[in-house]
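A.B. asks: The structure is given below, and queries will be raised subsequently.
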Amino acid sequence: MYLVLKREGDAEPTRWRYNPKKLMSVEREDIERRTGRNFSAFTQDVLQGNSLCRRALLFTYLRRDHPKTRFEDVDFAWDELSLEYSRQELQKMREGVMESLHGDELAATLRQVDQQIEDAYDDTETEGKAQLPIAE
């Protein structure tokens with residue numbers, strides 16, 4: 001999964017690979033302090049669209065590139081920040097759907113997932129080892 005920041009006027013979006021299991025302990029602890037959530041709940045809330053959690057995640061990645069970044073300075077319009085699954089993650093989800101759904105529900109879901117796969121970022125570095133972005 002990728003955290004993608006595309007500000008108005010940017011030619012290309014900034015894309016960070018988001019794998020909660022790869023965040024460093026200092027980063028995880030800082031996220032817990034800033035959001036008031038344990039890290040496992042934070043990862044769920046990021047996926048569900050919690051604004052504070054997404055801001056804390058963006059701050060974490062911005063601070064990696066610019067260490068003097070302050071949390072107070074991190075601001076974004078809702079449509080400028082998104083989470084995107086890679087093509088490989090979507091293909092893994094598609095396999096799960098095929099095992100759990102049937103009939104018309106399966107067909108409709110496959111059409112939707114296949115469309116997302118066509119448009120998704122191809123992450124060749126994680127081919128064969130895509131994982132869903134949830135901390136256990």
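Identifiers for the structure tokens are assigned positionally: chains receive A, B, ... in sequence, residues are indexed from 1 per chain, and ligands are indexed from 1 in the order shown.
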Can you pull out every residue from chain A that DSSP, working from the backbone, puts in alpha helix (DSSP H), and format the result as a VMD selection string?
C.D. replies: chain A and resid 25 to 35 39 to 48 51 to 65 87 to 100 103 to 119
A.B. asks: Would you mind listing what lies within 12 Å of Asp73 of chain A as a list in words, with only C-alpha atoms counted and same-chain residues fewer than 4 positions away left out?
C.D. replies: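 The neighbour list is Arg55, Ala56, Leu58, Phe59, Leu62, Arg63, His66, Lys68 and Thr69 of chain A.
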A.B. asks: Could you go through chain A and tell me which residues DSSP, when run on the backbone, assigns to strand (DSSP E or B), listing them as a list in words?
C.D. replies: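 Answer for chain A, restricted to strand (DSSP E or B): Tyr2, Leu3, Val4, Leu5, Thr14, Arg15, Trp16, Arg17, Leu81, Ser82, Leu83, Glu84, Ser86 and Tyr121 of chain A.
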A.B. asks: Would you list the contacts of Arg33 of chain A as a PyMOL selection string, taking every protein, DNA or RNA residue within 12 Å and counting only C-alpha atoms, but skipping same-chain residues closer than 5 positions in sequence?
C.D. replies: chain A and resi 26-28+38-39+42+52-53+56
A.B. asks: Next, dump the selected residues to file, keeping only N, CA and C atoms, as a PDB file, in the first residue's frame.
C.D. replies:
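New file part-v8.pdb:
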```pdb
ATOM      1  N   VAL A  26      10.514   4.030  17.299  1.00  0.00           N
ATOM      2  CA  VAL A  26      10.383   5.443  17.674  1.00  0.00           C
ATOM      3  C   VAL A  26       9.227   6.080  16.916  1.00  0.00           C
ATOM      4  N   GLU A  27       9.082   5.721  15.647  1.00  0.00           N
ATOM      5  CA  GLU A  27       7.984   6.261  14.849  1.00  0.00           C
ATOM      6  C   GLU A  27       6.643   5.743  15.352  1.00  0.00           C
ATOM      7  N   ARG A  28       6.571   4.456  15.664  1.00  0.00           N
ATOM      8  CA  ARG A  28       5.316   3.876  16.172  1.00  0.00           C
ATOM      9  C   ARG A  28       4.926   4.524  17.503  1.00  0.00           C
ATOM     10  N   ASN A  38      -3.406   2.765  20.331  1.00  0.00           N
ATOM     11  CA  ASN A  38      -2.306   1.802  20.223  1.00  0.00           C
ATOM     12  C   ASN A  38      -2.069   1.567  18.736  1.00  0.00           C
ATOM     13  N   PHE A  39      -0.899   1.044  18.411  1.00  0.00           N
ATOM     14  CA  PHE A  39      -0.495   0.986  17.019  1.00  0.00           C
ATOM     15  C   PHE A  39      -1.404   0.098  16.174  1.00  0.00           C
ATOM     16  N   PHE A  42      -4.378   2.108  15.376  1.00  0.00           N
ATOM     17  CA  PHE A  42      -3.970   3.153  14.439  1.00  0.00           C
ATOM     18  C   PHE A  42      -3.995   2.626  13.001  1.00  0.00           C
ATOM     19  N   LEU A  52      -6.869  12.337  11.777  1.00  0.00           N
ATOM     20  CA  LEU A  52      -5.715  12.513  12.658  1.00  0.00           C
ATOM     21  C   LEU A  52      -4.675  11.420  12.409  1.00  0.00           C
ATOM     22  N   CYS A  53      -5.128  10.196  12.219  1.00  0.00           N
ATOM     23  CA  CYS A  53      -4.204   9.089  11.960  1.00  0.00           C
ATOM     24  C   CYS A  53      -3.495   9.273  10.628  1.00  0.00           C
ATOM     25  N   ALA A  56      -0.887  11.969  11.091  1.00  0.00           N
ATOM     26  CA  ALA A  56       0.276  11.450  11.818  1.00  0.00           C
ATOM     27  C   ALA A  56       1.140  10.588  10.904  1.00  0.00           C
TER      28      ALA A  56
END
```
A.B. asks: Could you list, as a list in words, every residue within 10 Å of Ser82 of chain A, counting only C-alpha atoms and ignoring same-chain residues fewer than 5 positions away?
C.D. replies: Tyr2, Leu3, Val4, Leu5, Lys6, Arg15, Leu47, Gly49 and Arg54 of chain A
